[in-house]
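Accompanying notes for the structure given below.
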Amino acid sequence: MQTLPADRPPTGPLHRVRTAARASSPPSSRTPGDSELLGSHWLGVDDTQTEGAGGARVDGERVQPLDPLGLALDELGLVCGPPEHAQAWAVRLTASGRGYARIWLVNLLAVVLTAGLALPWARARSLRYFHAHTLVAGHPLGFHGEPGAMLGGGLLAAVLLGCGAAALVWGPPGWAGVAAASFAFALLAATVPALVQAALQGRLARTSWRDMPLQFAGTPGGAARVLAAPLLGAWACATVALALPVAEAQDPQAVRGLWLALGALLLTGALGAPAMAWQFLRWRQTHLAIGPLQAQWKATLRMAYGLALRALLALAPAGLLAAAAAALALAATGWMEPPSWLAGASAALPGGAAGAAAPGMAGGTAHDPAHTPAHGLAAGLTTQLAALLQHPPAALAAAAALAAGAWLVSVGLALPWAQAALQNLVWGKTGNRYVRIRSRLSPAGYVALRLRHGLLMLATLGLYTPWAAVAARRMRLQALTIVSRVVPDDLAATLRQVGDTRPGGELFGLDLGW
């Protein structure tokens, strides 16, 4: 970018508005919370920088371009006030559980009676309802999606998945079948970037605020770059998994190498998942726009790995419970032999089940290391486990209880916490120097809400679902605040004069759930 000459006189309506605002508002008039609310480097300049004409930023004696957005605002004649005059609007949701319950019930009946064909119409009704009751700066969002287009996108995805499944089921046997299925999955993976880009662009183009459509400027090429690594890894894992049974039947020597390759792929994917997710989210967030206001994303890779580590720690108890449930179920059904040490647990451990008692009992003393509380607890647990495996129905019931505990911990605790933390990371770091979003969703509060409503859904056999959906959406949306230096009325009027910038001709309607 070219630098501006240092002696260029400040001109233009943008400079006149800023100059008048600064003259009428001394720096001392700012409240202590303004810096935190406005984001300092996001919505203005820091202590050593000031804004000049045409989007220039002056740092000491240097004059450098601020960003092309300042020039765009100047050319459109938009009024952009100084950072200290930015306005904040909370996002509100006016939907009610009773109002959505009627839509939800009709949608459920339509989907069931049509064997899923009415799903696009049901999805469109739900989105239209929630958009109409989502207020931003006092004005509702609009949804203009066509169910027919959504059905076409869904059918296209179903056809592509069907082709891959057909190659897997009806393909030739042996290694030729593995090659055919791998090739089909490669073709399917090659179409995913274009479908993702079309879904994002279509969803935003069909969403409007004050008759202004939102925009997504990403391209299929950009989607291919950010999705190449995860798609390649998924294709490689699928190919190796398909080759395992064939190798076991025809080439047992290769099975060990295939298992090692699959393990290496899964480990690499797990370690690289936060980086791949961060890369995709950066591409998505930086291509969001409304008019000339295109977003930036300030989240760093370190933040993504920090969130992933905390989510992994939150999911660790669920993983342990699930592993224990699987091992117990396999041992109870005879698919896996119990470990040899378990069969003789009662005899091998001093005191057997009584070892869990207080030291000094069952023939021991308080100073006998064989009767420490930890050793006694281990003896009791292994003895009970060995006895449990002698009664398969009871062991299966215990495995089911462990699996239910794993589901409760993951879905009821870890997943809501991760959703809240991810919203704060993704949307709390989205914005630019003129408009930004703040997200202050309490992870603990969101977990408590989802747990409470989950219990109500179980108690009502799912009939409480509409009320739970509205409450969860309300908490997520009303944790958002939009801070803007551009007056919304001026932005809306200017964009109406420019004309409709909604893109056309793409594969609209494919809802991938982003």
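Each chain of the structure tokens is named A, B, ... in the order shown, its residues numbered from 1; ligands are numbered from 1 in display order.
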Point to revise | Who sits within 9 Å of Gly233 (chain A), only C-alpha atoms, same chain under 2 positions skipped, as a ChimeraX atom specification | key: /A:228-231,235-238,265-266,268-269
Suppose we keep N, CA, C and O atoms; can you now write the selection as a PDB file, in the first residue's frame?
```
ATOM      1  N   ALA A 228      -8.193 -28.202   3.085  1.00  0.00           N
ATOM      2  CA  ALA A 228      -7.380 -29.246   2.458  1.00  0.00           C
ATOM      3  C   ALA A 228      -6.828 -30.227   3.488  1.00  0.00           C
ATOM      4  O   ALA A 228      -6.917 -31.453   3.312  1.00  0.00           O
ATOM      5  N   ALA A 229      -6.251 -29.720   4.572  1.00  0.00           N
ATOM      6  CA  ALA A 229      -5.631 -30.600   5.571  1.00  0.00           C
ATOM      7  C   ALA A 229      -6.650 -31.517   6.246  1.00  0.00           C
ATOM      8  O   ALA A 229      -6.444 -32.738   6.304  1.00  0.00           O
ATOM      9  N   PRO A 230      -7.768 -30.993   6.785  1.00  0.00           N
ATOM     10  CA  PRO A 230      -8.721 -31.921   7.421  1.00  0.00           C
ATOM     11  C   PRO A 230      -9.342 -32.902   6.441  1.00  0.00           C
ATOM     12  O   PRO A 230      -9.562 -34.069   6.787  1.00  0.00           O
ATOM     13  N   LEU A 231      -9.629 -32.470   5.213  1.00  0.00           N
ATOM     14  CA  LEU A 231     -10.223 -33.390   4.242  1.00  0.00           C
ATOM     15  C   LEU A 231      -9.228 -34.469   3.828  1.00  0.00           C
ATOM     16  O   LEU A 231      -9.597 -35.642   3.690  1.00  0.00           O
ATOM     17  N   TRP A 235      -9.782 -38.437   4.495  1.00  0.00           N
ATOM     18  CA  TRP A 235      -9.705 -39.402   3.385  1.00  0.00           C
ATOM     19  C   TRP A 235      -8.667 -40.481   3.683  1.00  0.00           C
ATOM     20  O   TRP A 235      -8.901 -41.668   3.435  1.00  0.00           O
ATOM     21  N   ALA A 236      -7.521 -40.103   4.208  1.00  0.00           N
ATOM     22  CA  ALA A 236      -6.480 -41.086   4.512  1.00  0.00           C
ATOM     23  C   ALA A 236      -6.936 -42.053   5.602  1.00  0.00           C
ATOM     24  O   ALA A 236      -6.721 -43.277   5.502  1.00  0.00           O
ATOM     25  N   CYS A 237      -7.599 -41.541   6.652  1.00  0.00           N
ATOM     26  CA  CYS A 237      -8.096 -42.425   7.713  1.00  0.00           C
ATOM     27  C   CYS A 237      -9.135 -43.393   7.173  1.00  0.00           C
ATOM     28  O   CYS A 237      -9.135 -44.585   7.516  1.00  0.00           O
ATOM     29  N   ALA A 238     -10.051 -42.903   6.326  1.00  0.00           N
ATOM     30  CA  ALA A 238     -11.074 -43.774   5.760  1.00  0.00           C
ATOM     31  C   ALA A 238     -10.450 -44.860   4.883  1.00  0.00           C
ATOM     32  O   ALA A 238     -10.866 -46.023   4.921  1.00  0.00           O
ATOM     33  N   LEU A 265      -2.139 -41.317  12.054  1.00  0.00           N
ATOM     34  CA  LEU A 265      -3.040 -40.344  11.425  1.00  0.00           C
ATOM     35  C   LEU A 265      -3.991 -39.734  12.454  1.00  0.00           C
ATOM     36  O   LEU A 265      -4.220 -38.518  12.456  1.00  0.00           O
ATOM     37  N   LEU A 266      -4.565 -40.573  13.310  1.00  0.00           N
ATOM     38  CA  LEU A 266      -5.497 -40.065  14.315  1.00  0.00           C
ATOM     39  C   LEU A 266      -4.790 -39.157  15.318  1.00  0.00           C
ATOM     40  O   LEU A 266      -5.334 -38.117  15.711  1.00  0.00           O
ATOM     41  N   THR A 268      -2.027 -37.389  14.769  1.00  0.00           N
ATOM     42  CA  THR A 268      -1.698 -36.138  14.067  1.00  0.00           C
ATOM     43  C   THR A 268      -2.925 -35.256  13.911  1.00  0.00           C
ATOM     44  O   THR A 268      -2.871 -34.034  14.087  1.00  0.00           O
ATOM     45  N   GLY A 269      -4.055 -35.885  13.571  1.00  0.00           N
ATOM     46  CA  GLY A 269      -5.283 -35.113  13.431  1.00  0.00           C
ATOM     47  C   GLY A 269      -5.726 -34.483  14.735  1.00  0.00           C
ATOM     48  O   GLY A 269      -6.180 -33.330  14.759  1.00  0.00           O
TER      49      GLY A 269
END
```
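By only C-alpha atoms, and with residues fewer than 2 positions from region 288-293 of chain A along its chain excluded, the set lying at most 6 Å from it is Leu214, Gln215, Phe216, Gln285, Thr286 and Ala295 of chain A.
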Find the residues of region 386-493 of chain A that sit at most 9 Å from region 116-140 of chain A; for each, write down the nearest two atoms and how far apart they are in Å, to one decimal. Count only C-alpha atoms. Sort by chain, then by number going up, and give it as CSV.
```
residue,atom,partner,partner_atom,distance
A:Val470,CA,A:Phe130,CA,8.8
A:Leu477,CA,A:Thr134,CA,8.2
A:Ile482,CA,A:Val136,CA,8.1
A:Pro488,CA,A:Ala137,CA,8.1
```
Exercise for review: Identify, on the basis of only C-alpha atoms, every residue whose closest approach to region 304-314 of chain A does not exceed 8 Å; exclude the query and any residue fewer than 2 positions from it along the same chain; express the result as a ChimeraX atom specification.
Suggested key: /A:274-275,278,299-302,316-317,413-414,417-418,421-422
Take the residues from that selection and write them out as an mmCIF file, in the first residue's frame, keeping N, CA, C and O atoms.
```cif
data_model
loop_
_atom_site.group_PDB
_atom_site.id
_atom_site.type_symbol
_atom_site.label_atom_id
_atom_site.label_comp_id
_atom_site.auth_asym_id
_atom_site.auth_seq_id
_atom_site.Cartn_x
_atom_site.Cartn_y
_atom_site.Cartn_z
ATOM 1 N N PRO A 274 -7.023 -28.165 16.575
ATOM 2 C CA PRO A 274 -7.219 -26.741 16.905
ATOM 3 C C PRO A 274 -6.663 -25.806 15.840
ATOM 4 O O PRO A 274 -7.283 -24.778 15.534
ATOM 5 N N ALA A 275 -5.516 -26.139 15.261
ATOM 6 C CA ALA A 275 -4.942 -25.277 14.220
ATOM 7 C C ALA A 275 -5.826 -25.274 12.971
ATOM 8 O O ALA A 275 -6.035 -24.217 12.343
ATOM 9 N N TRP A 278 -8.938 -23.252 13.751
ATOM 10 C CA TRP A 278 -8.600 -21.817 13.787
ATOM 11 C C TRP A 278 -8.435 -21.265 12.378
ATOM 12 O O TRP A 278 -8.892 -20.159 12.075
ATOM 13 N N ALA A 299 -8.556 -13.394 16.958
ATOM 14 C CA ALA A 299 -8.175 -14.561 17.764
ATOM 15 C C ALA A 299 -6.861 -15.136 17.255
ATOM 16 O O ALA A 299 -6.620 -15.214 16.044
ATOM 17 N N THR A 300 -6.020 -15.565 18.169
ATOM 18 C CA THR A 300 -4.715 -16.121 17.815
ATOM 19 C C THR A 300 -4.740 -17.646 17.904
ATOM 20 O O THR A 300 -5.638 -18.245 18.517
ATOM 21 N N LEU A 301 -3.733 -18.270 17.310
ATOM 22 C CA LEU A 301 -3.626 -19.721 17.372
ATOM 23 C C LEU A 301 -3.428 -20.198 18.807
ATOM 24 O O LEU A 301 -3.925 -21.260 19.194
ATOM 25 N N ARG A 302 -2.744 -19.408 19.596
ATOM 26 C CA ARG A 302 -2.551 -19.779 21.001
ATOM 27 C C ARG A 302 -3.878 -19.827 21.743
ATOM 28 O O ARG A 302 -4.097 -20.711 22.587
ATOM 29 N N ALA A 316 -12.387 -35.147 29.753
ATOM 30 C CA ALA A 316 -11.629 -36.294 30.262
ATOM 31 C C ALA A 316 -12.461 -37.219 31.141
ATOM 32 O O ALA A 316 -12.415 -38.448 30.972
ATOM 33 N N PRO A 317 -13.257 -36.716 32.106
ATOM 34 C CA PRO A 317 -14.076 -37.646 32.898
ATOM 35 C C PRO A 317 -15.054 -38.449 32.046
ATOM 36 O O PRO A 317 -15.261 -39.643 32.295
ATOM 37 N N LEU A 413 -22.403 -31.190 30.498
ATOM 38 C CA LEU A 413 -21.417 -30.310 31.126
ATOM 39 C C LEU A 413 -20.370 -29.791 30.140
ATOM 40 O O LEU A 413 -20.237 -28.582 29.934
ATOM 41 N N ALA A 414 -19.634 -30.721 29.533
ATOM 42 C CA ALA A 414 -18.506 -30.303 28.690
ATOM 43 C C ALA A 414 -18.961 -29.592 27.423
ATOM 44 O O ALA A 414 -18.383 -28.572 27.032
ATOM 45 N N TRP A 417 -20.279 -26.003 28.000
ATOM 46 C CA TRP A 417 -19.145 -25.132 28.355
ATOM 47 C C TRP A 417 -18.328 -24.792 27.117
ATOM 48 O O TRP A 417 -17.939 -23.628 26.917
ATOM 49 N N ALA A 418 -18.052 -25.796 26.271
ATOM 50 C CA ALA A 418 -17.270 -25.544 25.058
ATOM 51 C C ALA A 418 -18.015 -24.618 24.105
ATOM 52 O O ALA A 418 -17.409 -23.754 23.457
ATOM 53 N N ALA A 421 -17.649 -21.031 25.520
ATOM 54 C CA ALA A 421 -16.283 -20.532 25.342
ATOM 55 C C ALA A 421 -15.985 -20.264 23.878
ATOM 56 O O ALA A 421 -15.298 -19.283 23.543
ATOM 57 N N LEU A 422 -16.482 -21.119 22.983
ATOM 58 C CA LEU A 422 -16.229 -20.917 21.559
ATOM 59 C C LEU A 422 -16.943 -19.674 21.042
ATOM 60 O O LEU A 422 -16.394 -18.930 20.223
#
```
**Study point:** From A:Leu156, A:Ala326, A:Leu451, A:Ala469, residue lying nearest Leu396 (chain A) [only C-alpha atoms]
**Key:**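 The shortest atom-to-atom distance to Leu396 (chain A) comes from A:Ala326.
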Review point. Looking at A:Val435, A:Ala270, A:Ala189, A:Ala180, which one is nearest to Pro82 (chain A), with distances taken over only C-alpha atoms?
Key: A:Val435
